[in-house]
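Coordinates as given in data-v3.cif (mmCIF, N, CA and C atoms; chains and numbers go by the auth columns):
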```cif
data_coords
#
loop_
_atom_site.group_PDB
_atom_site.id
_atom_site.type_symbol
_atom_site.label_atom_id
_atom_site.label_comp_id
_atom_site.label_asym_id
_atom_site.label_seq_id
_atom_site.Cartn_x
_atom_site.Cartn_y
_atom_site.Cartn_z
_atom_site.B_iso_or_equiv
_atom_site.auth_seq_id
_atom_site.auth_asym_id
ATOM 1 N N MET A 1 136.778 54.546 165.452 0.00 1 A
ATOM 2 C CA MET A 1 136.736 55.667 164.531 0.00 1 A
ATOM 3 C C MET A 1 137.744 56.714 164.981 0.00 1 A
ATOM 4 N N ARG A 2 138.556 57.133 164.060 0.00 2 A
ATOM 5 C CA ARG A 2 139.567 58.141 164.371 0.00 2 A
ATOM 6 C C ARG A 2 139.089 59.505 163.886 0.00 2 A
ATOM 7 N N ILE A 3 139.457 60.505 164.628 0.00 3 A
ATOM 8 C CA ILE A 3 139.121 61.877 164.259 0.00 3 A
ATOM 9 C C ILE A 3 140.357 62.485 163.607 0.00 3 A
ATOM 10 N N THR A 4 140.162 63.056 162.453 0.00 4 A
ATOM 11 C CA THR A 4 141.299 63.677 161.767 0.00 4 A
ATOM 12 C C THR A 4 141.615 65.017 162.425 0.00 4 A
ATOM 13 N N GLN A 5 142.782 65.508 162.119 0.00 5 A
ATOM 14 C CA GLN A 5 143.205 66.790 162.676 0.00 5 A
ATOM 15 C C GLN A 5 142.262 67.913 162.235 0.00 5 A
ATOM 16 N N LYS A 6 141.828 67.858 160.999 0.00 6 A
ATOM 17 C CA LYS A 6 140.915 68.868 160.462 0.00 6 A
ATOM 18 C C LYS A 6 139.567 68.836 161.190 0.00 6 A
ATOM 19 N N GLU A 7 139.031 67.633 161.427 0.00 7 A
ATOM 20 C CA GLU A 7 137.759 67.502 162.145 0.00 7 A
ATOM 21 C C GLU A 7 137.882 67.994 163.579 0.00 7 A
ATOM 22 N N LEU A 8 139.001 67.652 164.220 0.00 8 A
ATOM 23 C CA LEU A 8 139.220 68.090 165.595 0.00 8 A
ATOM 24 C C LEU A 8 139.289 69.609 165.670 0.00 8 A
ATOM 25 N N ARG A 9 140.013 70.201 164.731 0.00 9 A
ATOM 26 C CA ARG A 9 140.117 71.663 164.701 0.00 9 A
ATOM 27 C C ARG A 9 138.736 72.288 164.512 0.00 9 A
ATOM 28 N N ARG A 10 137.928 71.742 163.606 0.00 10 A
ATOM 29 C CA ARG A 10 136.587 72.247 163.350 0.00 10 A
ATOM 30 C C ARG A 10 135.717 72.142 164.604 0.00 10 A
ATOM 31 N N MET A 11 135.829 71.013 165.314 0.00 11 A
ATOM 32 C CA MET A 11 135.046 70.818 166.537 0.00 11 A
ATOM 33 C C MET A 11 135.448 71.823 167.618 0.00 11 A
ATOM 34 N N ILE A 12 136.740 72.058 167.757 0.00 12 A
ATOM 35 C CA ILE A 12 137.231 73.005 168.770 0.00 12 A
ATOM 36 C C ILE A 12 136.754 74.417 168.442 0.00 12 A
ATOM 37 N N ILE A 13 136.858 74.804 167.186 0.00 13 A
ATOM 38 C CA ILE A 13 136.414 76.144 166.780 0.00 13 A
ATOM 39 C C ILE A 13 134.919 76.311 167.033 0.00 13 A
ATOM 40 N N GLN A 14 134.137 75.284 166.721 0.00 14 A
ATOM 41 C CA GLN A 14 132.696 75.354 166.949 0.00 14 A
ATOM 42 C C GLN A 14 132.382 75.501 168.438 0.00 14 A
ATOM 43 N N GLU A 15 133.085 74.758 169.275 0.00 15 A
ATOM 44 C CA GLU A 15 132.872 74.863 170.725 0.00 15 A
ATOM 45 C C GLU A 15 133.253 76.243 171.236 0.00 15 A
ATOM 46 N N MET A 16 134.334 76.798 170.697 0.00 16 A
ATOM 47 C CA MET A 16 134.744 78.147 171.109 0.00 16 A
ATOM 48 C C MET A 16 133.670 79.166 170.721 0.00 16 A
ATOM 49 N N ARG A 17 133.084 79.009 169.539 0.00 17 A
ATOM 50 C CA ARG A 17 132.005 79.914 169.117 0.00 17 A
ATOM 51 C C ARG A 17 130.803 79.780 170.041 0.00 17 A
ATOM 52 N N ASN A 18 130.457 78.548 170.402 0.00 18 A
ATOM 53 C CA ASN A 18 129.321 78.333 171.287 0.00 18 A
ATOM 54 C C ASN A 18 129.548 79.005 172.641 0.00 18 A
ATOM 55 N N VAL A 19 130.735 78.858 173.183 0.00 19 A
ATOM 56 C CA VAL A 19 131.056 79.480 174.474 0.00 19 A
ATOM 57 C C VAL A 19 130.998 80.992 174.350 0.00 19 A
ATOM 58 N N GLN A 20 131.570 81.525 173.284 0.00 20 A
ATOM 59 C CA GLN A 20 131.563 82.976 173.060 0.00 20 A
ATOM 60 C C GLN A 20 130.137 83.496 172.956 0.00 20 A
ATOM 61 N N ARG A 21 129.298 82.796 172.211 0.00 21 A
ATOM 62 C CA ARG A 21 127.910 83.207 172.033 0.00 21 A
ATOM 63 C C ARG A 21 127.177 83.210 173.369 0.00 21 A
ATOM 64 N N GLU A 22 127.402 82.190 174.181 0.00 22 A
ATOM 65 C CA GLU A 22 126.753 82.123 175.487 0.00 22 A
ATOM 66 C C GLU A 22 127.215 83.253 176.389 0.00 22 A
ATOM 67 N N ARG A 23 128.495 83.572 176.316 0.00 23 A
ATOM 68 C CA ARG A 23 129.055 84.606 177.181 0.00 23 A
ATOM 69 C C ARG A 23 128.504 85.980 176.822 0.00 23 A
ATOM 70 N N LEU A 24 128.282 86.228 175.529 0.00 24 A
ATOM 71 C CA LEU A 24 127.836 87.545 175.086 0.00 24 A
ATOM 72 C C LEU A 24 126.338 87.755 175.241 0.00 24 A
ATOM 73 N N GLN A 25 125.576 86.696 175.340 0.00 25 A
ATOM 74 C CA GLN A 25 124.126 86.814 175.335 0.00 25 A
ATOM 75 C C GLN A 25 123.608 87.136 176.736 0.00 25 A
ATOM 76 N N GLU A 26 122.970 88.282 176.866 0.00 26 A
ATOM 77 C CA GLU A 26 122.358 88.666 178.125 0.00 26 A
ATOM 78 C C GLU A 26 120.851 88.555 177.993 0.00 26 A
ATOM 79 N N GLY A 27 120.183 88.542 179.115 0.00 27 A
ATOM 80 C CA GLY A 27 118.739 88.507 179.093 0.00 27 A
ATOM 81 C C GLY A 27 118.174 87.103 179.007 0.00 27 A
ATOM 82 N N THR A 28 118.986 86.119 179.297 0.00 28 A
ATOM 83 C CA THR A 28 118.504 84.746 179.314 0.00 28 A
ATOM 84 C C THR A 28 118.191 84.360 180.753 0.00 28 A
ATOM 85 N N ALA A 29 117.605 83.208 180.950 0.00 29 A
ATOM 86 C CA ALA A 29 117.272 82.753 182.301 0.00 29 A
ATOM 87 C C ALA A 29 118.532 82.580 183.140 0.00 29 A
ATOM 88 N N GLU A 30 119.608 82.121 182.506 0.00 30 A
ATOM 89 C CA GLU A 30 120.857 81.928 183.248 0.00 30 A
ATOM 90 C C GLU A 30 121.583 83.239 183.534 0.00 30 A
ATOM 91 N N ARG A 31 121.357 84.231 182.682 0.00 31 A
ATOM 92 C CA ARG A 31 122.065 85.496 182.835 0.00 31 A
ATOM 93 C C ARG A 31 121.113 86.665 182.612 0.00 31 A
ATOM 94 N N PRO A 32 120.302 86.991 183.592 0.00 32 A
ATOM 95 C CA PRO A 32 119.341 88.090 183.416 0.00 32 A
ATOM 96 C C PRO A 32 120.046 89.448 183.358 0.00 32 A
ATOM 97 N N VAL A 33 119.402 90.393 182.733 0.00 33 A
ATOM 98 C CA VAL A 33 119.950 91.745 182.629 0.00 33 A
ATOM 99 C C VAL A 33 119.699 92.460 183.953 0.00 33 A
ATOM 100 N N GLN A 34 120.755 93.047 184.485 0.00 34 A
ATOM 101 C CA GLN A 34 120.628 93.822 185.719 0.00 34 A
ATOM 102 C C GLN A 34 120.384 95.279 185.334 0.00 34 A
ATOM 103 N N VAL A 35 119.202 95.778 185.619 0.00 35 A
ATOM 104 C CA VAL A 35 118.867 97.148 185.256 0.00 35 A
ATOM 105 C C VAL A 35 119.170 98.048 186.441 0.00 35 A
ATOM 106 N N THR A 36 120.122 98.932 186.232 0.00 36 A
ATOM 107 C CA THR A 36 120.479 99.913 187.244 0.00 36 A
ATOM 108 C C THR A 36 119.881 101.250 186.844 0.00 36 A
ATOM 109 N N PRO A 37 119.775 102.168 187.777 0.00 37 A
ATOM 110 C CA PRO A 37 119.263 103.495 187.410 0.00 37 A
ATOM 111 C C PRO A 37 120.094 104.156 186.306 0.00 37 A
ATOM 112 N N ALA A 38 121.404 103.968 186.335 0.00 38 A
ATOM 113 C CA ALA A 38 122.260 104.564 185.305 0.00 38 A
ATOM 114 C C ALA A 38 121.956 103.960 183.931 0.00 38 A
ATOM 115 N N LEU A 39 121.779 102.647 183.878 0.00 39 A
ATOM 116 C CA LEU A 39 121.455 101.988 182.607 0.00 39 A
ATOM 117 C C LEU A 39 120.097 102.461 182.095 0.00 39 A
ATOM 118 N N LEU A 40 119.130 102.548 182.974 0.00 40 A
ATOM 119 C CA LEU A 40 117.803 102.996 182.591 0.00 40 A
ATOM 120 C C LEU A 40 117.839 104.432 182.065 0.00 40 A
ATOM 121 N N ASN A 41 118.583 105.295 182.737 0.00 41 A
ATOM 122 C CA ASN A 41 118.716 106.684 182.271 0.00 41 A
ATOM 123 C C ASN A 41 119.390 106.739 180.908 0.00 41 A
ATOM 124 N N ARG A 42 120.409 105.905 180.697 0.00 42 A
ATOM 125 C CA ARG A 42 121.089 105.885 179.407 0.00 42 A
ATOM 126 C C ARG A 42 120.151 105.434 178.300 0.00 42 A
ATOM 127 N N ILE A 43 119.351 104.415 178.564 0.00 43 A
ATOM 128 C CA ILE A 43 118.398 103.923 177.563 0.00 43 A
ATOM 129 C C ILE A 43 117.382 105.007 177.233 0.00 43 A
ATOM 130 N N ILE A 44 116.861 105.673 178.261 0.00 44 A
ATOM 131 C CA ILE A 44 115.882 106.738 178.044 0.00 44 A
ATOM 132 C C ILE A 44 116.499 107.863 177.219 0.00 44 A
ATOM 133 N N ARG A 45 117.722 108.263 177.557 0.00 45 A
ATOM 134 C CA ARG A 45 118.401 109.340 176.832 0.00 45 A
ATOM 135 C C ARG A 45 118.611 108.954 175.362 0.00 45 A
ATOM 136 N N GLU A 46 119.067 107.714 175.115 0.00 46 A
ATOM 137 C CA GLU A 46 119.292 107.264 173.742 0.00 46 A
ATOM 138 C C GLU A 46 117.993 107.227 172.949 0.00 46 A
ATOM 139 N N GLU A 47 116.916 106.758 173.557 0.00 47 A
ATOM 140 C CA GLU A 47 115.630 106.706 172.867 0.00 47 A
ATOM 141 C C GLU A 47 115.108 108.107 172.573 0.00 47 A
ATOM 142 N N TYR A 48 115.285 109.043 173.521 0.00 48 A
ATOM 143 C CA TYR A 48 114.841 110.419 173.315 0.00 48 A
ATOM 144 C C TYR A 48 115.621 111.070 172.175 0.00 48 A
ATOM 145 N N GLU A 49 116.945 110.837 172.131 0.00 49 A
ATOM 146 C CA GLU A 49 117.759 111.396 171.058 0.00 49 A
ATOM 147 C C GLU A 49 117.359 110.798 169.710 0.00 49 A
ATOM 148 N N ALA A 50 117.071 109.506 169.671 0.00 50 A
ATOM 149 C CA ALA A 50 116.636 108.871 168.428 0.00 50 A
ATOM 150 C C ALA A 50 115.297 109.452 167.980 0.00 50 A
ATOM 151 N N HIS A 51 114.400 109.698 168.933 0.00 51 A
ATOM 152 C CA HIS A 51 113.102 110.298 168.615 0.00 51 A
ATOM 153 C C HIS A 51 113.292 111.692 168.033 0.00 51 A
ATOM 154 N N GLN A 52 114.156 112.490 168.660 0.00 52 A
ATOM 155 C CA GLN A 52 114.418 113.838 168.155 0.00 52 A
ATOM 156 C C GLN A 52 114.995 113.794 166.744 0.00 52 A
ATOM 157 N N ARG A 53 115.916 112.845 166.495 0.00 53 A
ATOM 158 C CA ARG A 53 116.512 112.693 165.171 0.00 53 A
ATOM 159 C C ARG A 53 115.441 112.374 164.134 0.00 53 A
ATOM 160 N N ARG A 54 114.529 111.457 164.482 0.00 54 A
ATOM 161 C CA ARG A 54 113.445 111.107 163.551 0.00 54 A
ATOM 162 C C ARG A 54 112.537 112.303 163.296 0.00 54 A
ATOM 163 N N GLN A 55 112.264 113.080 164.337 0.00 55 A
ATOM 164 C CA GLN A 55 111.411 114.257 164.184 0.00 55 A
ATOM 165 C C GLN A 55 112.066 115.283 163.259 0.00 55 A
ATOM 166 N N ARG A 56 113.381 115.504 163.439 0.00 56 A
ATOM 167 C CA ARG A 56 114.085 116.465 162.578 0.00 56 A
ATOM 168 C C ARG A 56 114.080 116.001 161.125 0.00 56 A
ATOM 169 N N LEU A 57 114.277 114.714 160.917 0.00 57 A
ATOM 170 C CA LEU A 57 114.250 114.183 159.549 0.00 57 A
ATOM 171 C C LEU A 57 112.871 114.355 158.916 0.00 57 A
ATOM 172 N N ALA A 58 111.828 114.076 159.684 0.00 58 A
ATOM 173 C CA ALA A 58 110.463 114.213 159.167 0.00 58 A
ATOM 174 C C ALA A 58 110.184 115.681 158.826 0.00 58 A
ATOM 175 N N GLU A 59 110.619 116.588 159.681 0.00 59 A
ATOM 176 C CA GLU A 59 110.403 118.015 159.429 0.00 59 A
ATOM 177 C C GLU A 59 111.150 118.466 158.177 0.00 59 A
ATOM 178 N N SER A 60 112.397 118.015 158.010 0.00 60 A
ATOM 179 C CA SER A 60 113.153 118.423 156.822 0.00 60 A
ATOM 180 C C SER A 60 112.511 117.849 155.560 0.00 60 A
ATOM 181 N N ARG A 61 111.939 116.645 155.631 0.00 61 A
ATOM 182 C CA ARG A 61 111.235 116.079 154.472 0.00 61 A
ATOM 183 C C ARG A 61 110.004 116.903 154.131 0.00 61 A
ATOM 184 N N ARG A 62 109.273 117.331 155.168 0.00 62 A
ATOM 185 C CA ARG A 62 108.091 118.159 154.926 0.00 62 A
ATOM 186 C C ARG A 62 108.491 119.474 154.264 0.00 62 A
ATOM 187 N N ARG A 63 109.569 120.090 154.753 0.00 63 A
ATOM 188 C CA ARG A 63 110.025 121.355 154.173 0.00 63 A
ATOM 189 C C ARG A 63 110.443 121.171 152.720 0.00 63 A
ATOM 190 N N ARG A 64 111.164 120.072 152.454 0.00 64 A
ATOM 191 C CA ARG A 64 111.600 119.792 151.089 0.00 64 A
ATOM 192 C C ARG A 64 110.405 119.563 150.177 0.00 64 A
ATOM 193 N N ALA A 65 109.402 118.880 150.680 0.00 65 A
ATOM 194 C CA ALA A 65 108.195 118.610 149.873 0.00 65 A
ATOM 195 C C ALA A 65 107.473 119.922 149.578 0.00 65 A
ATOM 196 N N ARG A 66 107.399 120.827 150.553 0.00 66 A
ATOM 197 C CA ARG A 66 106.751 122.117 150.336 0.00 66 A
ATOM 198 C C ARG A 66 107.489 122.930 149.284 0.00 66 A
ATOM 199 N N ARG A 67 108.835 122.911 149.341 0.00 67 A
ATOM 200 C CA ARG A 67 109.629 123.666 148.358 0.00 67 A
ATOM 201 C C ARG A 67 109.441 123.101 146.967 0.00 67 A
ATOM 202 N N ALA A 68 109.327 121.790 146.865 0.00 68 A
ATOM 203 C CA ALA A 68 109.180 121.148 145.555 0.00 68 A
ATOM 204 C C ALA A 68 107.840 121.510 144.913 0.00 68 A
ATOM 205 N N ARG A 69 106.810 121.752 145.732 0.00 69 A
ATOM 206 C CA ARG A 69 105.482 122.061 145.210 0.00 69 A
ATOM 207 C C ARG A 69 105.418 123.477 144.651 0.00 69 A
ATOM 208 N N ARG A 70 106.261 124.369 145.103 0.00 70 A
ATOM 209 C CA ARG A 70 106.192 125.780 144.681 0.00 70 A
ATOM 210 C C ARG A 70 106.534 125.969 143.250 0.00 70 A
#
```

Would you kindly transcribe this structure into structure tokens?
Amino acid sequence: MRITQKELRRMIIQEMRNVQRERLQEGTAERPVQVTPALLNRIIREEYEAHQRRQRLAESRRRRARRARR
């Protein structure tokens, strides 16, 4: 069985995608995530900022609802 040029190209591209996907994926058994104090602080800061953003949005919705009722 012969492989055509098109099939070979498709196989190579698929293998490249598989390698890329493996390289980018962290948190697997082969590549665990290394949690450093700096990373942990960054995650905490980002979550706190997201929480504040949600709180501000909720407050502005409440204010808008109060104005609409008047």

Point-to-point distance from atom CA of A:Arg53 to atom CA of A:Ala68, Å rounded to tenths: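 Atom-to-atom, atom CA of A:Arg53 to atom CA of A:Ala68, that is 22.6 Å.
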
Give me, please, the distance in Å between atom CA of A:Glu49 and atom CA of A:Arg66, quoted to one decimal.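 For atom CA of A:Glu49 relative to atom CA of A:Arg66, the distance reads 25.8 Å.
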
Name the residues of stretch 3-68 of chain A that come out as alpha helix (DSSP H) in a backbone DSSP run; write them as a PyMOL selection string. chain A and resi 5-24+37-68

To one decimal in Å, tell me the separation between atom N of A:Glu15 and atom N of A:Ile3. 16.3 Å

Any chance you could work out the axis-aligned box around stretch 32-51 of chain A, listed atoms only, 8 Å on each side, giving centre and edge lengths in Å to one decimal, as lines of an AutoDock Vina configuration file?
```
center_x = 117.7
center_y = 99.3
center_z = 177.9
size_x = 25.2
size_y = 40.7
size_z = 35.8
```
